[in-house]
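K.L.:
Pasting a structure below so you can have a look.
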Amino acid sequence: MPADSGPVHVTALTLRPATRADLPAVLALLADEARVVDPATLVVDQVYEQAFAAIDVDPRNEILVLVEGVDDQGDGGRVVGCLQVTYIPGLGKGGAERALIEAVRVRADRRGGGLGQILMERTIERARTRGCALVQLTSNKRREDAHRFYGRLGFARSHDGFKLAL
């Protein structure tokens, strides 16, 4: 660091859109909910590259990462959480967008310390600022801890979801 640039301050947590450089860390979070996966051990193949590129250029989609230890110049840090948000236009709710949150993950060794709450609250505020009238998500029926977590954040169980594998 040059002498005239002054001190660099470290920010505890930053929520930002994922970059291509974050892709291995995001895939590591998605690979296994129960254990920490080293991003360096994963192969980022063409399918993931294409999927990330499609999300990255779509103004209605974003992968957000919660990064710990970023300095005030935006450098450094380690991805400790992620999720994907899709902004859906609709005619309901007065024509306002809704935000669909999916693939919420916090590093297995960092759960229970409030990172998930920070990740979700900042994402909800991001949706509010965008003008969304509703934030929605689905969660696997077996994830009872996650259901309690979402309930504490104010989410209500209002619908049953259905899936059809293709």
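The chains in the structure tokens are called A, B, ... from first to last as shown; in each chain the residues are counted from 1, and the ligands are counted from 1 in the order shown.
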Counting only C-alpha atoms, which residues of region 96-162 of chain A fall within 10 Å of region 58-66 of chain A, and what is the closest atom pair for each with its distance in Å at one decimal, ordered by chain and rising number, as a tab-separated table?
P.N.:
residue	atom	partner	partner_atom	distance
A:Glu97	CA	A:Arg60	CA	9.8
A:Ala99	CA	A:Arg60	CA	9.2
A:Leu100	CA	A:Asn61	CA	9.5
A:Ile101	CA	A:Ile63	CA	9.7
A:Glu102	CA	A:Ile63	CA	9.4
A:Ala103	CA	A:Ile63	CA	9.3
A:Val104	CA	A:Leu64	CA	9.6
A:Arg105	CA	A:Val65	CA	9.5
A:Val106	CA	A:Leu66	CA	8.7
A:Leu115	CA	A:Leu66	CA	8.2
A:Gly116	CA	A:Leu66	CA	9.2
A:Ile118	CA	A:Leu66	CA	8.5
A:Leu119	CA	A:Leu66	CA	6.3
A:Met120	CA	A:Leu66	CA	9.9
A:Arg122	CA	A:Leu66	CA	9.5
A:Thr123	CA	A:Leu64	CA	8.1
K.L.:
Name the residues in contact with Ser158 (chain A) at a cut-off of 12 Å, using only C-alpha atoms, excluding same-chain residues fewer than 3 positions from it; report them as a PDB file with all heavy atoms, in the first residue's frame.
P.N.:
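New file result_32.pdb:
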ATOM      1  N   GLN A 136     -40.830 -13.870  -1.906  1.00  0.00           N
ATOM      2  CA  GLN A 136     -41.304 -15.235  -1.686  1.00  0.00           C
ATOM      3  C   GLN A 136     -40.154 -16.216  -1.843  1.00  0.00           C
ATOM      4  O   GLN A 136     -39.138 -15.916  -2.455  1.00  0.00           O
ATOM      5  CB  GLN A 136     -42.443 -15.572  -2.645  1.00  0.00           C
ATOM      6  CG  GLN A 136     -42.061 -15.539  -4.107  1.00  0.00           C
ATOM      7  CD  GLN A 136     -43.271 -15.649  -5.025  1.00  0.00           C
ATOM      8  OE1 GLN A 136     -44.351 -15.180  -4.712  1.00  0.00           O
ATOM      9  NE2 GLN A 136     -43.073 -16.276  -6.168  1.00  0.00           N
ATOM     10  N   LEU A 137     -40.335 -17.382  -1.247  1.00  0.00           N
ATOM     11  CA  LEU A 137     -39.350 -18.453  -1.372  1.00  0.00           C
ATOM     12  C   LEU A 137     -40.037 -19.782  -1.136  1.00  0.00           C
ATOM     13  O   LEU A 137     -41.149 -19.828  -0.612  1.00  0.00           O
ATOM     14  CB  LEU A 137     -38.189 -18.256  -0.394  1.00  0.00           C
ATOM     15  CG  LEU A 137     -38.490 -18.127   1.095  1.00  0.00           C
ATOM     16  CD1 LEU A 137     -38.642 -19.474   1.759  1.00  0.00           C
ATOM     17  CD2 LEU A 137     -37.370 -17.349   1.754  1.00  0.00           C
ATOM     18  N   THR A 138     -39.372 -20.837  -1.528  1.00  0.00           N
ATOM     19  CA  THR A 138     -39.818 -22.181  -1.189  1.00  0.00           C
ATOM     20  C   THR A 138     -38.697 -22.843  -0.398  1.00  0.00           C
ATOM     21  O   THR A 138     -37.538 -22.457  -0.498  1.00  0.00           O
ATOM     22  CB  THR A 138     -40.149 -23.033  -2.433  1.00  0.00           C
ATOM     23  OG1 THR A 138     -38.976 -23.159  -3.241  1.00  0.00           O
ATOM     24  CG2 THR A 138     -41.275 -22.414  -3.253  1.00  0.00           C
ATOM     25  N   GLY A 151     -39.645 -18.159   9.416  1.00  0.00           N
ATOM     26  CA  GLY A 151     -40.742 -17.649  10.233  1.00  0.00           C
ATOM     27  C   GLY A 151     -40.293 -16.505  11.131  1.00  0.00           C
ATOM     28  O   GLY A 151     -40.997 -15.506  11.287  1.00  0.00           O
ATOM     29  N   GLY A 154     -40.291 -13.281   9.481  1.00  0.00           N
ATOM     30  CA  GLY A 154     -41.588 -12.726   9.104  1.00  0.00           C
ATOM     31  C   GLY A 154     -42.265 -13.404   7.938  1.00  0.00           C
ATOM     32  O   GLY A 154     -43.365 -13.010   7.554  1.00  0.00           O
ATOM     33  N   PHE A 155     -41.638 -14.424   7.365  1.00  0.00           N
ATOM     34  CA  PHE A 155     -42.266 -15.148   6.266  1.00  0.00           C
ATOM     35  C   PHE A 155     -43.404 -15.998   6.819  1.00  0.00           C
ATOM     36  O   PHE A 155     -43.273 -16.604   7.885  1.00  0.00           O
ATOM     37  CB  PHE A 155     -41.257 -16.061   5.546  1.00  0.00           C
ATOM     38  CG  PHE A 155     -40.299 -15.319   4.658  1.00  0.00           C
ATOM     39  CD1 PHE A 155     -39.153 -14.757   5.181  1.00  0.00           C
ATOM     40  CD2 PHE A 155     -40.555 -15.183   3.294  1.00  0.00           C
ATOM     41  CE1 PHE A 155     -38.261 -14.063   4.371  1.00  0.00           C
ATOM     42  CE2 PHE A 155     -39.671 -14.495   2.483  1.00  0.00           C
ATOM     43  CZ  PHE A 155     -38.521 -13.932   3.020  1.00  0.00           C
ATOM     44  N   GLY A 161     -46.298 -25.637  -2.415  1.00  0.00           N
ATOM     45  CA  GLY A 161     -45.591 -25.602  -3.694  1.00  0.00           C
ATOM     46  C   GLY A 161     -45.613 -26.959  -4.354  1.00  0.00           C
ATOM     47  O   GLY A 161     -45.724 -28.000  -3.706  1.00  0.00           O
TER      48      GLY A 161
END
K.L.:
Need to verify the contact set: Leu23 (chain A), 9 Å, only C-alpha atoms, exclusion of same-chain residues closer than 6 positions in sequence. Can you return it as number ranges by chain?
P.N.:
A: 39, 44, 48-49, 52
K.L.:
If I take CA of Ala156 (chain A) and CA of Lys141 (chain A), how far is one from the other in Å, to one decimal?
P.N.:
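Separation between CA of Ala156 (chain A) and CA of Lys141 (chain A): 14.3 Å.
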K.L.:
Any idea what's packed within 12 Å of Val37 (chain A), counting only C-alpha atoms, ignoring anything in its chain fewer than 5 positions away? Could you give it as a PyMOL selection string?
P.N.:
chain A and resi 24-32+42+80+106-109
K.L.:
Check region 14-88 of chain A with DSSP on the backbone and list each residue it calls strand (DSSP E), as a PDB file with all heavy atoms, in the first residue's frame.
P.N.:
ATOM      1  N   THR A  14     -20.237  -7.667   3.555  1.00  0.00           N
ATOM      2  CA  THR A  14     -20.730  -6.959   2.381  1.00  0.00           C
ATOM      3  C   THR A  14     -21.632  -7.897   1.594  1.00  0.00           C
ATOM      4  O   THR A  14     -21.263  -9.052   1.350  1.00  0.00           O
ATOM      5  CB  THR A  14     -19.549  -6.515   1.484  1.00  0.00           C
ATOM      6  OG1 THR A  14     -18.698  -5.660   2.236  1.00  0.00           O
ATOM      7  CG2 THR A  14     -20.037  -5.798   0.244  1.00  0.00           C
ATOM      8  N   LEU A  15     -22.809  -7.421   1.196  1.00  0.00           N
ATOM      9  CA  LEU A  15     -23.673  -8.157   0.279  1.00  0.00           C
ATOM     10  C   LEU A  15     -23.527  -7.499  -1.077  1.00  0.00           C
ATOM     11  O   LEU A  15     -23.711  -6.291  -1.211  1.00  0.00           O
ATOM     12  CB  LEU A  15     -25.139  -8.102   0.732  1.00  0.00           C
ATOM     13  CG  LEU A  15     -26.105  -8.866  -0.183  1.00  0.00           C
ATOM     14  CD1 LEU A  15     -25.911 -10.370  -0.030  1.00  0.00           C
ATOM     15  CD2 LEU A  15     -27.544  -8.477   0.113  1.00  0.00           C
ATOM     16  N   ARG A  16     -23.185  -8.306  -2.083  1.00  0.00           N
ATOM     17  CA  ARG A  16     -22.995  -7.769  -3.428  1.00  0.00           C
ATOM     18  C   ARG A  16     -23.317  -8.834  -4.465  1.00  0.00           C
ATOM     19  O   ARG A  16     -23.340 -10.033  -4.145  1.00  0.00           O
ATOM     20  CB  ARG A  16     -21.571  -7.268  -3.600  1.00  0.00           C
ATOM     21  CG  ARG A  16     -20.531  -8.371  -3.464  1.00  0.00           C
ATOM     22  CD  ARG A  16     -19.161  -7.908  -3.931  1.00  0.00           C
ATOM     23  NE  ARG A  16     -18.117  -8.853  -3.630  1.00  0.00           N
ATOM     24  CZ  ARG A  16     -17.898  -9.999  -4.272  1.00  0.00           C
ATOM     25  NH1 ARG A  16     -18.680 -10.378  -5.266  1.00  0.00           N
ATOM     26  NH2 ARG A  16     -16.895 -10.795  -3.921  1.00  0.00           N
ATOM     27  N   PRO A  17     -23.561  -8.409  -5.708  1.00  0.00           N
ATOM     28  CA  PRO A  17     -23.743  -9.398  -6.769  1.00  0.00           C
ATOM     29  C   PRO A  17     -22.462 -10.220  -6.953  1.00  0.00           C
ATOM     30  O   PRO A  17     -21.354  -9.689  -6.870  1.00  0.00           O
ATOM     31  CB  PRO A  17     -24.032  -8.549  -8.010  1.00  0.00           C
ATOM     32  CG  PRO A  17     -24.553  -7.251  -7.469  1.00  0.00           C
ATOM     33  CD  PRO A  17     -23.800  -7.041  -6.181  1.00  0.00           C
ATOM     34  N   ASN A  61     -32.344 -11.238 -12.728  1.00  0.00           N
ATOM     35  CA  ASN A  61     -31.735 -12.319 -11.953  1.00  0.00           C
ATOM     36  C   ASN A  61     -30.428 -11.852 -11.368  1.00  0.00           C
ATOM     37  O   ASN A  61     -29.685 -11.104 -12.014  1.00  0.00           O
ATOM     38  CB  ASN A  61     -31.441 -13.530 -12.860  1.00  0.00           C
ATOM     39  CG  ASN A  61     -32.534 -14.541 -12.840  1.00  0.00           C
ATOM     40  OD1 ASN A  61     -32.800 -15.132 -11.801  1.00  0.00           O
ATOM     41  ND2 ASN A  61     -33.182 -14.738 -13.980  1.00  0.00           N
ATOM     42  N   GLU A  62     -30.151 -12.305 -10.162  1.00  0.00           N
ATOM     43  CA  GLU A  62     -28.831 -12.058  -9.612  1.00  0.00           C
ATOM     44  C   GLU A  62     -28.499 -13.103  -8.559  1.00  0.00           C
ATOM     45  O   GLU A  62     -29.375 -13.595  -7.855  1.00  0.00           O
ATOM     46  CB  GLU A  62     -28.681 -10.648  -9.041  1.00  0.00           C
ATOM     47  CG  GLU A  62     -29.667 -10.228  -8.006  1.00  0.00           C
ATOM     48  CD  GLU A  62     -29.523  -8.762  -7.622  1.00  0.00           C
ATOM     49  OE1 GLU A  62     -28.598  -8.066  -8.091  1.00  0.00           O
ATOM     50  OE2 GLU A  62     -30.348  -8.306  -6.825  1.00  0.00           O
ATOM     51  N   ILE A  63     -27.240 -13.450  -8.539  1.00  0.00           N
ATOM     52  CA  ILE A  63     -26.712 -14.262  -7.448  1.00  0.00           C
ATOM     53  C   ILE A  63     -26.015 -13.271  -6.530  1.00  0.00           C
ATOM     54  O   ILE A  63     -25.157 -12.495  -6.968  1.00  0.00           O
ATOM     55  CB  ILE A  63     -25.737 -15.340  -7.952  1.00  0.00           C
ATOM     56  CG1 ILE A  63     -26.483 -16.337  -8.838  1.00  0.00           C
ATOM     57  CG2 ILE A  63     -25.067 -16.042  -6.769  1.00  0.00           C
ATOM     58  CD1 ILE A  63     -25.602 -17.354  -9.500  1.00  0.00           C
ATOM     59  N   LEU A  64     -26.424 -13.258  -5.275  1.00  0.00           N
ATOM     60  CA  LEU A  64     -25.821 -12.364  -4.295  1.00  0.00           C
ATOM     61  C   LEU A  64     -24.922 -13.165  -3.375  1.00  0.00           C
ATOM     62  O   LEU A  64     -25.249 -14.300  -3.019  1.00  0.00           O
ATOM     63  CB  LEU A  64     -26.906 -11.658  -3.472  1.00  0.00           C
ATOM     64  CG  LEU A  64     -27.873 -10.788  -4.261  1.00  0.00           C
ATOM     65  CD1 LEU A  64     -28.953 -10.224  -3.347  1.00  0.00           C
ATOM     66  CD2 LEU A  64     -27.135  -9.662  -4.982  1.00  0.00           C
ATOM     67  N   VAL A  65     -23.799 -12.573  -3.016  1.00  0.00           N
ATOM     68  CA  VAL A  65     -22.882 -13.218  -2.084  1.00  0.00           C
ATOM     69  C   VAL A  65     -22.695 -12.321  -0.866  1.00  0.00           C
ATOM     70  O   VAL A  65     -22.650 -11.096  -0.976  1.00  0.00           O
ATOM     71  CB  VAL A  65     -21.511 -13.547  -2.720  1.00  0.00           C
ATOM     72  CG1 VAL A  65     -21.651 -14.680  -3.729  1.00  0.00           C
ATOM     73  CG2 VAL A  65     -20.874 -12.333  -3.370  1.00  0.00           C
ATOM     74  N   LEU A  66     -22.624 -12.959   0.293  1.00  0.00           N
ATOM     75  CA  LEU A  66     -22.289 -12.282   1.538  1.00  0.00           C
ATOM     76  C   LEU A  66     -20.808 -12.549   1.753  1.00  0.00           C
ATOM     77  O   LEU A  66     -20.385 -13.702   1.872  1.00  0.00           O
ATOM     78  CB  LEU A  66     -23.132 -12.831   2.690  1.00  0.00           C
ATOM     79  CG  LEU A  66     -23.006 -12.088   4.009  1.00  0.00           C
ATOM     80  CD1 LEU A  66     -23.522 -10.650   3.888  1.00  0.00           C
ATOM     81  CD2 LEU A  66     -23.765 -12.827   5.101  1.00  0.00           C
ATOM     82  N   VAL A  67     -20.033 -11.471   1.774  1.00  0.00           N
ATOM     83  CA  VAL A  67     -18.580 -11.582   1.838  1.00  0.00           C
ATOM     84  C   VAL A  67     -18.099 -10.977   3.144  1.00  0.00           C
ATOM     85  O   VAL A  67     -18.508  -9.881   3.529  1.00  0.00           O
ATOM     86  CB  VAL A  67     -17.923 -10.867   0.633  1.00  0.00           C
ATOM     87  CG1 VAL A  67     -16.416 -11.047   0.655  1.00  0.00           C
ATOM     88  CG2 VAL A  67     -18.505 -11.388  -0.678  1.00  0.00           C
ATOM     89  N   GLU A  68     -17.233 -11.695   3.812  1.00  0.00           N
ATOM     90  CA  GLU A  68     -16.676 -11.281   5.099  1.00  0.00           C
ATOM     91  C   GLU A  68     -15.247 -10.789   4.890  1.00  0.00           C
ATOM     92  O   GLU A  68     -14.469 -11.411   4.175  1.00  0.00           O
ATOM     93  CB  GLU A  68     -16.677 -12.502   6.016  1.00  0.00           C
ATOM     94  CG  GLU A  68     -16.092 -12.290   7.365  1.00  0.00           C
ATOM     95  CD  GLU A  68     -16.168 -13.562   8.170  1.00  0.00           C
ATOM     96  OE1 GLU A  68     -15.515 -14.558   7.810  1.00  0.00           O
ATOM     97  OE2 GLU A  68     -16.904 -13.549   9.167  1.00  0.00           O
ATOM     98  N   GLY A  69     -14.925  -9.669   5.532  1.00  0.00           N
ATOM     99  CA  GLY A  69     -13.541  -9.185   5.515  1.00  0.00           C
ATOM    100  C   GLY A  69     -13.170  -8.380   4.294  1.00  0.00           C
ATOM    101  O   GLY A  69     -12.012  -8.390   3.888  1.00  0.00           O
ATOM    102  N   VAL A  70     -14.114  -7.644   3.705  1.00  0.00           N
ATOM    103  CA  VAL A  70     -13.814  -6.800   2.556  1.00  0.00           C
ATOM    104  C   VAL A  70     -13.304  -5.463   3.066  1.00  0.00           C
ATOM    105  O   VAL A  70     -13.874  -4.885   3.990  1.00  0.00           O
ATOM    106  CB  VAL A  70     -15.080  -6.587   1.690  1.00  0.00           C
ATOM    107  CG1 VAL A  70     -14.807  -5.640   0.534  1.00  0.00           C
ATOM    108  CG2 VAL A  70     -15.595  -7.922   1.184  1.00  0.00           C
ATOM    109  N   ASP A  71     -12.244  -4.949   2.455  1.00  0.00           N
ATOM    110  CA  ASP A  71     -11.742  -3.651   2.894  1.00  0.00           C
ATOM    111  C   ASP A  71     -12.553  -2.525   2.252  1.00  0.00           C
ATOM    112  O   ASP A  71     -13.402  -2.765   1.387  1.00  0.00           O
ATOM    113  CB  ASP A  71     -10.235  -3.510   2.653  1.00  0.00           C
ATOM    114  CG  ASP A  71      -9.850  -3.475   1.181  1.00  0.00           C
ATOM    115  OD1 ASP A  71     -10.632  -2.970   0.351  1.00  0.00           O
ATOM    116  OD2 ASP A  71      -8.740  -3.931   0.857  1.00  0.00           O
ATOM    117  N   ARG A  78     -13.983 -13.246   1.996  1.00  0.00           N
ATOM    118  CA  ARG A  78     -14.306 -14.658   1.783  1.00  0.00           C
ATOM    119  C   ARG A  78     -15.823 -14.780   1.719  1.00  0.00           C
ATOM    120  O   ARG A  78     -16.536 -14.243   2.573  1.00  0.00           O
ATOM    121  CB  ARG A  78     -13.751 -15.479   2.938  1.00  0.00           C
ATOM    122  CG  ARG A  78     -14.154 -16.948   2.880  1.00  0.00           C
ATOM    123  CD  ARG A  78     -13.489 -17.746   3.943  1.00  0.00           C
ATOM    124  NE  ARG A  78     -13.901 -17.314   5.263  1.00  0.00           N
ATOM    125  CZ  ARG A  78     -13.729 -18.005   6.368  1.00  0.00           C
ATOM    126  NH1 ARG A  78     -13.114 -19.167   6.323  1.00  0.00           N
ATOM    127  NH2 ARG A  78     -14.140 -17.563   7.528  1.00  0.00           N
ATOM    128  N   VAL A  79     -16.311 -15.502   0.726  1.00  0.00           N
ATOM    129  CA  VAL A  79     -17.745 -15.717   0.575  1.00  0.00           C
ATOM    130  C   VAL A  79     -18.209 -16.651   1.690  1.00  0.00           C
ATOM    131  O   VAL A  79     -17.712 -17.766   1.826  1.00  0.00           O
ATOM    132  CB  VAL A  79     -18.080 -16.311  -0.807  1.00  0.00           C
ATOM    133  CG1 VAL A  79     -19.551 -16.688  -0.901  1.00  0.00           C
ATOM    134  CG2 VAL A  79     -17.713 -15.329  -1.917  1.00  0.00           C
ATOM    135  N   VAL A  80     -19.166 -16.170   2.505  1.00  0.00           N
ATOM    136  CA  VAL A  80     -19.693 -16.973   3.606  1.00  0.00           C
ATOM    137  C   VAL A  80     -21.180 -17.291   3.430  1.00  0.00           C
ATOM    138  O   VAL A  80     -21.752 -18.042   4.220  1.00  0.00           O
ATOM    139  CB  VAL A  80     -19.455 -16.295   4.978  1.00  0.00           C
ATOM    140  CG1 VAL A  80     -17.970 -16.250   5.301  1.00  0.00           C
ATOM    141  CG2 VAL A  80     -20.082 -14.916   5.034  1.00  0.00           C
ATOM    142  N   GLY A  81     -21.798 -16.731   2.388  1.00  0.00           N
ATOM    143  CA  GLY A  81     -23.204 -17.007   2.119  1.00  0.00           C
ATOM    144  C   GLY A  81     -23.563 -16.596   0.708  1.00  0.00           C
ATOM    145  O   GLY A  81     -22.858 -15.798   0.084  1.00  0.00           O
ATOM    146  N   CYS A  82     -24.650 -17.165   0.223  1.00  0.00           N
ATOM    147  CA  CYS A  82     -25.108 -16.802  -1.120  1.00  0.00           C
ATOM    148  C   CYS A  82     -26.594 -17.117  -1.263  1.00  0.00           C
ATOM    149  O   CYS A  82     -27.178 -17.854  -0.453  1.00  0.00           O
ATOM    150  CB  CYS A  82     -24.321 -17.534  -2.199  1.00  0.00           C
ATOM    151  SG  CYS A  82     -24.645 -19.312  -2.278  1.00  0.00           S
ATOM    152  N   LEU A  83     -27.180 -16.552  -2.287  1.00  0.00           N
ATOM    153  CA  LEU A  83     -28.545 -16.884  -2.686  1.00  0.00           C
ATOM    154  C   LEU A  83     -28.757 -16.359  -4.091  1.00  0.00           C
ATOM    155  O   LEU A  83     -27.949 -15.595  -4.618  1.00  0.00           O
ATOM    156  CB  LEU A  83     -29.587 -16.312  -1.710  1.00  0.00           C
ATOM    157  CG  LEU A  83     -29.563 -14.824  -1.359  1.00  0.00           C
ATOM    158  CD1 LEU A  83     -30.073 -13.938  -2.471  1.00  0.00           C
ATOM    159  CD2 LEU A  83     -30.385 -14.601  -0.101  1.00  0.00           C
ATOM    160  N   GLN A  84     -29.844 -16.800  -4.706  1.00  0.00           N
ATOM    161  CA  GLN A  84     -30.227 -16.282  -6.014  1.00  0.00           C
ATOM    162  C   GLN A  84     -31.572 -15.593  -5.874  1.00  0.00           C
ATOM    163  O   GLN A  84     -32.464 -16.079  -5.181  1.00  0.00           O
ATOM    164  CB  GLN A  84     -30.333 -17.400  -7.055  1.00  0.00           C
ATOM    165  CG  GLN A  84     -30.687 -16.860  -8.439  1.00  0.00           C
ATOM    166  CD  GLN A  84     -30.645 -17.901  -9.528  1.00  0.00           C
ATOM    167  OE1 GLN A  84     -30.135 -19.012  -9.329  1.00  0.00           O
ATOM    168  NE2 GLN A  84     -31.170 -17.569 -10.695  1.00  0.00           N
ATOM    169  N   VAL A  85     -31.691 -14.426  -6.509  1.00  0.00           N
ATOM    170  CA  VAL A  85     -32.950 -13.686  -6.524  1.00  0.00           C
ATOM    171  C   VAL A  85     -33.385 -13.520  -7.967  1.00  0.00           C
ATOM    172  O   VAL A  85     -32.587 -13.123  -8.826  1.00  0.00           O
ATOM    173  CB  VAL A  85     -32.813 -12.281  -5.894  1.00  0.00           C
ATOM    174  CG1 VAL A  85     -34.170 -11.594  -5.813  1.00  0.00           C
ATOM    175  CG2 VAL A  85     -32.168 -12.337  -4.544  1.00  0.00           C
ATOM    176  N   THR A  86     -34.654 -13.833  -8.223  1.00  0.00           N
ATOM    177  CA  THR A  86     -35.267 -13.589  -9.521  1.00  0.00           C
ATOM    178  C   THR A  86     -36.396 -12.597  -9.303  1.00  0.00           C
ATOM    179  O   THR A  86     -37.247 -12.802  -8.437  1.00  0.00           O
ATOM    180  CB  THR A  86     -35.820 -14.892 -10.131  1.00  0.00           C
ATOM    181  OG1 THR A  86     -34.749 -15.836 -10.231  1.00  0.00           O
ATOM    182  CG2 THR A  86     -36.407 -14.649 -11.513  1.00  0.00           C
ATOM    183  N   TYR A  87     -36.365 -11.518 -10.061  1.00  0.00           N
ATOM    184  CA  TYR A  87     -37.398 -10.490  -9.964  1.00  0.00           C
ATOM    185  C   TYR A  87     -38.443 -10.777 -11.038  1.00  0.00           C
ATOM    186  O   TYR A  87     -38.131 -10.810 -12.217  1.00  0.00           O
ATOM    187  CB  TYR A  87     -36.777  -9.102 -10.138  1.00  0.00           C
ATOM    188  CG  TYR A  87     -35.727  -8.824  -9.093  1.00  0.00           C
ATOM    189  CD1 TYR A  87     -34.372  -8.949  -9.380  1.00  0.00           C
ATOM    190  CD2 TYR A  87     -36.087  -8.473  -7.800  1.00  0.00           C
ATOM    191  CE1 TYR A  87     -33.409  -8.711  -8.410  1.00  0.00           C
ATOM    192  CE2 TYR A  87     -35.130  -8.236  -6.820  1.00  0.00           C
ATOM    193  CZ  TYR A  87     -33.790  -8.356  -7.143  1.00  0.00           C
ATOM    194  OH  TYR A  87     -32.834  -8.135  -6.182  1.00  0.00           O
ATOM    195  N   ILE A  88     -39.677 -10.989 -10.586  1.00  0.00           N
ATOM    196  CA  ILE A  88     -40.739 -11.440 -11.477  1.00  0.00           C
ATOM    197  C   ILE A  88     -41.770 -10.328 -11.640  1.00  0.00           C
ATOM    198  O   ILE A  88     -42.394  -9.916 -10.661  1.00  0.00           O
ATOM    199  CB  ILE A  88     -41.424 -12.697 -10.901  1.00  0.00           C
ATOM    200  CG1 ILE A  88     -40.389 -13.792 -10.625  1.00  0.00           C
ATOM    201  CG2 ILE A  88     -42.516 -13.189 -11.839  1.00  0.00           C
ATOM    202  CD1 ILE A  88     -40.936 -14.957  -9.811  1.00  0.00           C
TER     203      ILE A  88
END
K.L.:
Please determine, counting only C-alpha atoms, which residue among A:Arg35, A:His147, A:Arg20, A:Arg111 has the shortest atom-to-atom distance to Ala53 (chain A).
P.N.:
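Closest to Ala53 (chain A), using only C-alpha atoms: A:Arg20.
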K.L.:
Please provide as number ranges by chain all residues within 12 Å of Ala96 (chain A), with the sequence filter that same-chain residues fewer than 5 positions apart are discarded (counting only C-alpha atoms).
P.N.:
A: 87-91, 127-128, 130-135
